[in-house]
Each structure stands twice: as C-alpha cells, then as structure tokens.
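The block underneath contains the structure these notes are about, expressed in structure tokens.
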Amino acid sequence: MATAGKVIKCKAAVAWEAGKPLSIEEVEVAPPQAMEVRVKILFTSLCHTDVYFWEAKGQTPVFPRIFGHEAGGIIESVGEGVTDVAPGDHVLPVFTGECKECAHCKSAESNMCDLLRINTDRGVMIGDGKSRFSINGKPIYHFVGTSTFSEYTVMHVGCVAKINPQAPLDKVCVLSCGISTGLGASINVARPPKGSTVAIFGLGAVGLAAAEGARIAGASRIIGVDLNPSRFEEARKFGCTEFVNPKDHNKPVQEVLAEMTNGGVDRSVECTGNINAMIQAFECVHDGWGVAVLVGVPHKDAEFKTHPMNFLNERTLKGTFFGNYKPRTDLPNVVELYMKKELEVEKFITHSVSFAEINKAFDLMAKGEGIRCIIRMETSLSVL
Ligand code: NAD
Ligand code: ZN
C-alpha cells in the first residue's frame with residue numbers, strides 16, 4: 001500500500017469533553033509500530049460501553065478521546081513483527097485481546113489475556129505508552145485499544161480477528177462486541193440446560209443476543225426483564241417468551257420471577273450495567289442449581305451486596321467479558337455461523353447513519369430506540 005509507513009490524515013469523531021457531542025476532525029494517524037496494525041474502518045456501531053465512558057459519570061474521564069470498539073475494517077498496513085495478518089485482510093477489532101502466549105490464552109477456560117485484556121482507563125498503546133492519534137501535534141487518546149470512530153485506527157495485532165473476506169462488513173461488524181458478548185454469555189457461560197427457564201435483564205443488543213443464545217442452547221422459557229416496555233414486542237424475535245417490567249410491580253422483581261417459575265429461574269443473564277439489576281439477576285435464580293451471569297459494565301464505585309446465605313443455598317454468580325470467546329481464535333467461527341445462516345445478525349441492525357451524523361446514534365441510544373445503529377465511514381484520507 002502506498003500509505004504504509006506514512007502518517008495518514010483522515011477524519012475521526014473526537015470527544016473533546018465528557019458528554020459533549022462528538023466533533024468530526026482531521027486527525028493524523030501515525031504508522032503502526034511493532035506488533036501493531038493500522039486498519040481502515042468501513043463500518044462501526046455504537047455500544048452502550050462507549051456511551052458510559054463518553055458520559056464519564058461513573059467512569060474515569062480520559063479526554064480528548066476517540067471512542068468506538070464495535071466495527072469492521074481492512075488492514076491497511078502492519079508494523080514490525082506482525083505475521084498473522086497482512087494488508088487487505090478483513091478484520092473485526094475487539095476491545096479485549098488475545099496474545100496467544102500468556103497463561104490465560106493457553107487456558108481453555110479463560111479469555112482474560114494478561115497482556116491485552118480490556119483496560120478502559122488506558123488511552124495509549126501498550127508498546128510505547130503513546131497515542132497514534134494527534135491533531136496539530138497534540139495527542140488524542142485511544143479507547144479500549146480500538147478507537148473505531150476514525151477512518152483509520154491503530155491497534156495491537158492481538159486485538160483484531162481476521163475473518164472470512166466474503167462476510168459483509170456492514171453486517172458482521174456488530175459481532176465485534178455486543179452480539180458475540182450476549183451470545184457467548186448464554187452459550188458459553190450460563191449454559192442453560194435443554195428445557196430450562198432463563199431470565200434476561202436488559203433487552204438491548206447484548207441482552208437480545210443473550211436471549212438468542214439461550215434459545216440456541218435449548219431453553220424453553222426466556223423471560224425478558226426491562227424498564228423500557230417498548231423493547232418487549234421486538235424481543236419476541238430473539239426468543240423471549242415472556243416479559244416483566246419491574247415498574248409494573250410493587251414487590252421486588254426477584255419475587256415476581258420466583259412466583260412465575262416455582263421458586264426461581266434456572267439461569268439469568270444481566271445485560272444492563274445497573275447494579276440493582278445485577279443483584280436482582282443473582283437473587284432471582286433458583287436455589288440448589290441456579291447460575292447468574294453478569295455482563296453489564298458497572299459504575300466504577302458500584303458494590304454488589306447480597307446475603308451470603310444466597311450463595312450457601314447453592315446459587316452461583318459468574319461474570320464475563322466478550323462472552324468468554326477468545327477474540328482471535330473464536331470470533332472468526334462466530335462469523336462463520338452467520339455465513340452458514342445459523343445466526344441472524346440483520347435483525348439487530350435497526351438504524352444506519354453516515355459518519356457525519358454519528359451523534360444521531362448517541363441520541364437513539366439515549367432514547368432507548370432501536371437496537372444497533374451502523375455508522376457508515378467515509379474515506380477522505382490524504383498521506384503526509
Ligand atoms: P443498551 O442500552 O442497548 O441496552 C440496555 C438495556 O437495559 C435497555 O433496554 C435498558 O432499558 C435496560 N435497563 C437499564 N437498567 C435496567 C434495570 N435496572 N432493569 C432492567 N432493565 C434495565 O445497551 P447494550 O449495548 O445492549 O449493552 C448492555 C450492557 O452490556 C452495557 O452495560 C454494556 O456496557 C455492557 N457490555 C458488556 C460487555 C462485556 O464484555 N461484558 C460487552 C458489551 C457491552
Ligand atoms: Zn461493546
């Protein structure tokens with residue numbers, strides 16, 4: 001590629017301050033260093049995790065910053081030592097990486113890579129502690145090692161999954177975070193037995209994918225719990241069979257669910273980020289065998305409070321990032337599920353906007369409208 005080794009000037013949506021609309025700016029993107037890749041982003045979407053760190057109400061503020069982590073793109077150039085991917089390869093960025101060498105990457109159970117696991121407070125590359133983005137020489141910080149709200153971005157090679165080049169990036173981009181996370185939280189972590197009852201807290205993209213995962217695993221009752229009843233009708237398409245709006249009841253939702261299920265659900269998956277919902281999701285599982293899985297990203301000062309007897313009574317509490325999938329090893333196979341028509345992603349994509357309209361995607365999420373909004377990137381690069 002003619003751009004390899006050179007600084008690229010392109011457009012990125014920069015968050016200058018917490019909670020202020022993003023502004024499209026010309027940024028300079030440095031070439032990838034050792035074990036890094038530079039990726040041309042073609043499609044990205046907004047996940048609630050971006051919004052939490054942009055609002056920075058319950059999270060550490062790191063600004064100016066380029067957000068974005070759910071995306072699809074093509075490798076433009078690679079740094080020294082990169083042999084796994086080459087320019088032209090189609091990739092999905094992932095907010096948590098896989099070095100393939102540490103104890104976690106070698107363990108069949110873990111996807112919590114020692115080197116590249118999610119770090120929401122770091123705004124620089126791990127290689128040299130610097131940012132690859134700048135405007136007039138002033139650094140702009142990265143987000144979770146991906147920063148996909150930019151026409152070009154630089155990532156550690158361990159944070160990109162090489163996928164089938166036939167897969168349409170405008171669809172499979174949503175597999176790079178939310179959908180795989182929810183799907184894996186059910187299939188890999190909650191593992192509902194056939195015929196079991198599962199409660200899903202939060203019916204956004206992650207929760208709906210968790211419902212889909214529960215259905216694939218063979219659950220027969222899937223109870224969607226959300227404060228926003230406009231989610232309910234749509235959620236039937238994702239396998240939900242019943243709904244509970246905690247606001248409709250004057251007793252704790254745990255009790256409502258226990259009454260509906262003869263003592264509690266067999267599995268629950270929490271996909272809200274709300275600490276009360278996390279506690280409810282745990283306390284609503286059946287004693288003796290119930291398993292609850294936390295997926296939502298909590299407020300930085302949140303504390304989980306429950307009576308220890310809930311554990312003694314043989315309930316299990318788990319949590320997961322990225323549905324326990326190893327990003328480089330497993331994500332290409334999730335894409336193949338879509339290619340074989342065993343997994344539908346179109347139904348998660350309810351809106352699409354141009355890059356210039358990126359703030360509309362934030363408005364939709366704030367209003368709780370739709371599921372995923374795809375942001376179509378443009379290419380306006382010049383080489384310095
Ligand atoms: P979303 O905003 O689209 O959906 C969240 C849903 O939860 C909304 O429908 C909302 O009405 C509902 N909700 C909020 N508070 C609730 C409560 N107290 N009780 C019941 N329902 C409630 O968000 P999303 O993009 O689907 O993400 C969901 C969560 O998953 C977020 O916290 C996000 O940060 C997190 N996440 C985690 C991972 C991971 O790897 N662990 C990956 C992606 C996203
Ligand atoms: Zn996400």
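How things are named: the first chain in the structure tokens is A, the next is B, and so on; residues count from 1 in each chain; ligands count from 1 in the order shown.
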
Which residues come within 10 Å of Gly207 (chain A), counting only C-alpha atoms, excluding same-chain residues fewer than 2 positions away, as JSON, numbers by chain? {"A": [178, 179, 181, 182, 183, 185, 186, 199, 200, 201, 202, 203, 204, 205, 209, 210, 211, 212, 213, 224, 225, 226, 235, 238, 269, 270, 271, 272, 295, 296]}

Counting only C-alpha atoms and all ligand atoms, which residues in chain A sit no more than 7 Å from ligand 2? For each one, give the nearest pair of atoms and the distance in Å, sorted by chain then residue number, as CSV.
residue,atom,partner,partner_atom_place_in_ligand_line,distance
A:Cys47,CA,ligand 2,1 (Zn),4.6
A:His48,CA,ligand 2,1 (Zn),6.4
A:Thr49,CA,ligand 2,1 (Zn),5.3
A:Asp50,CA,ligand 2,1 (Zn),6.9
A:His69,CA,ligand 2,1 (Zn),6.3
A:Glu70,CA,ligand 2,1 (Zn),6.0
A:Cys177,CA,ligand 2,1 (Zn),4.6
A:Gly178,CA,ligand 2,1 (Zn),5.1

Between A:Val189, A:Ala56, A:Ala366, A:Ile216, which one has atoms that come closest to Lys300 (chain A), using only C-alpha atoms? A:Ala56

Proximity to ligand 1 - best of A:Glu259, A:Asp128, A:Glu346, A:Asp248, only C-alpha atoms and all ligand atoms: A:Asp248

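Omitting Glu17 (chain A) and its sequence neighbours fewer than 4 positions away, and counting only C-alpha atoms, the residues within 9 Å are A:Pro21, A:Leu22, A:Trp54, A:Glu55, A:Pro61, A:Val62, A:Phe63, A:Pro64, A:Arg65.
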
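Shortest atom-to-atom contact with ligand 1 among A:Ser176, A:Asn136, A:Asn228, A:Asn262: A:Asn228, counting only C-alpha atoms and all ligand atoms.
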
Quick one: DSSP alpha helix (DSSP H) residues in region 203-249 of chain A, as a PyMOL selection string? chain A and resi 205-217+232-235

Would you kindly return, as JSON, numbers by chain, each protein, DNA or RNA residue with an atom no farther than 7 Å from any atom of Ile75 (chain A), considering only C-alpha atoms and excluding same-chain residues fewer than 4 positions away? {"A": [37, 38, 39, 40, 86, 87, 88, 89, 90]}

Skip Cys99 (chain A) itself and residues of its chain fewer than 5 positions away, then list as a PyMOL selection string all residues within 9 Å of it, counting only C-alpha atoms. chain A and resi 105+113-116+157-159+328

From region 162-364 of chain A, collect each residue whose DSSP state is strand (DSSP E or B) and return the set as an NGL selection string. :A and (162 or 197-201 or 221-225 or 242-244 or 265 or 267-270 or 285 or 291-294 or 316-319 or 349-354)

Limited to C-alpha atoms, could you put the picked residues into a file as a compact mmCIF listing (two decimals), in the first residue's frame?
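And here is the file that came out, result.txt:
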# COMPACT_ATOMS: atom_id res chain seq x y z
CA LYS A 162 -9.11 -11.98 10.85
CA THR A 197 -36.02 -21.18 32.16
CA VAL A 198 -33.74 -18.17 31.65
CA ALA A 199 -34.24 -14.54 32.69
CA ILE A 200 -32.53 -11.85 30.62
CA PHE A 201 -32.12 -8.45 32.32
CA ARG A 221 -38.90 -20.20 28.71
CA ILE A 222 -36.98 -16.97 28.22
CA ILE A 223 -38.20 -14.10 30.39
CA GLY A 224 -37.12 -10.62 29.29
CA VAL A 225 -36.83 -8.03 32.09
CA GLU A 242 -42.49 -13.63 28.48
CA PHE A 243 -41.78 -10.19 29.86
CA VAL A 244 -41.52 -8.44 33.19
CA VAL A 265 -35.17 -19.23 37.15
CA ARG A 267 -30.23 -19.19 34.67
CA SER A 268 -30.13 -15.42 34.43
CA VAL A 269 -28.00 -13.11 32.31
CA GLU A 270 -27.69 -9.45 33.30
CA VAL A 285 -32.05 -17.76 40.29
CA VAL A 291 -26.49 -19.66 37.82
CA ALA A 292 -26.44 -15.90 37.21
CA VAL A 293 -24.06 -14.25 34.73
CA LEU A 294 -23.14 -10.54 34.88
CA THR A 316 -23.68 -19.43 41.53
CA LEU A 317 -22.64 -15.95 40.37
CA LYS A 318 -20.39 -15.51 37.36
CA GLY A 319 -19.31 -12.68 35.08
CA ILE A 349 -29.41 -3.65 12.93
CA THR A 350 -32.29 -1.19 13.12
CA HIS A 351 -30.64 2.07 12.05
CA SER A 352 -27.85 3.31 9.84
CA VAL A 353 -26.30 6.80 9.66
CA SER A 354 -23.42 8.43 7.82

What does the distance between atom 30 (O, counted along the ligand's line) of ligand 1 and CA of Ser180 (chain A) come to in Å, to one decimal place?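 Interatomic distance here is 11.3 Å.
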
Would you mind telling me which residue in A:Ala161, A:Val174, A:Leu46, A:Ile140 lies nearest to ligand 1 when using only C-alpha atoms and all ligand atoms?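 With only C-alpha atoms and all ligand atoms as the atom set, the closest residue is A:Leu46.
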
Of the candidates A:Ser77, A:Thr44, A:Ser230, A:Thr148, which shows the shortest atom-to-atom distance to Ala12 (chain A), using only C-alpha atoms?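 Using only C-alpha atoms, Ala12 (chain A) sits closest to A:Thr148.
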
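Using only C-alpha atoms, the smallest distance between any of A:Ser107, A:Gln254, A:Asn359, A:Asn276 and Lys326 (chain A) comes from A:Ser107.
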
If you count only C-alpha atoms, which residues fall within 8 Å of Asp170 (chain A), apart from same-chain ones fewer than 5 positions away, as a list in words? Leu42, Phe43, Gly72 and Ile374 of chain A

Hey, can you spit out that residue selection with N, CA, C and O atoms as a short mmCIF file (atom, residue, chain, number, x, y, z; two decimals), in the first residue's frame?
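Generated file (selection.cif):
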data_model
loop_
_atom_site.label_atom_id
_atom_site.label_comp_id
_atom_site.auth_asym_id
_atom_site.auth_seq_id
_atom_site.Cartn_x
_atom_site.Cartn_y
_atom_site.Cartn_z
N LEU A 42 -14.49 0.52 7.96
CA LEU A 42 -15.56 0.75 6.97
C LEU A 42 -16.92 0.96 7.63
O LEU A 42 -17.72 1.76 7.17
N PHE A 43 -17.16 0.20 8.69
CA PHE A 43 -18.44 0.32 9.42
C PHE A 43 -18.15 0.20 10.90
O PHE A 43 -17.31 -0.60 11.30
N GLY A 72 -15.93 -3.06 11.76
CA GLY A 72 -15.31 -3.96 10.79
C GLY A 72 -14.44 -3.14 9.86
O GLY A 72 -14.78 -2.00 9.54
N ILE A 374 -25.76 1.34 12.73
CA ILE A 374 -24.49 1.22 12.00
C ILE A 374 -24.07 2.62 11.52
O ILE A 374 -24.88 3.38 11.00
#
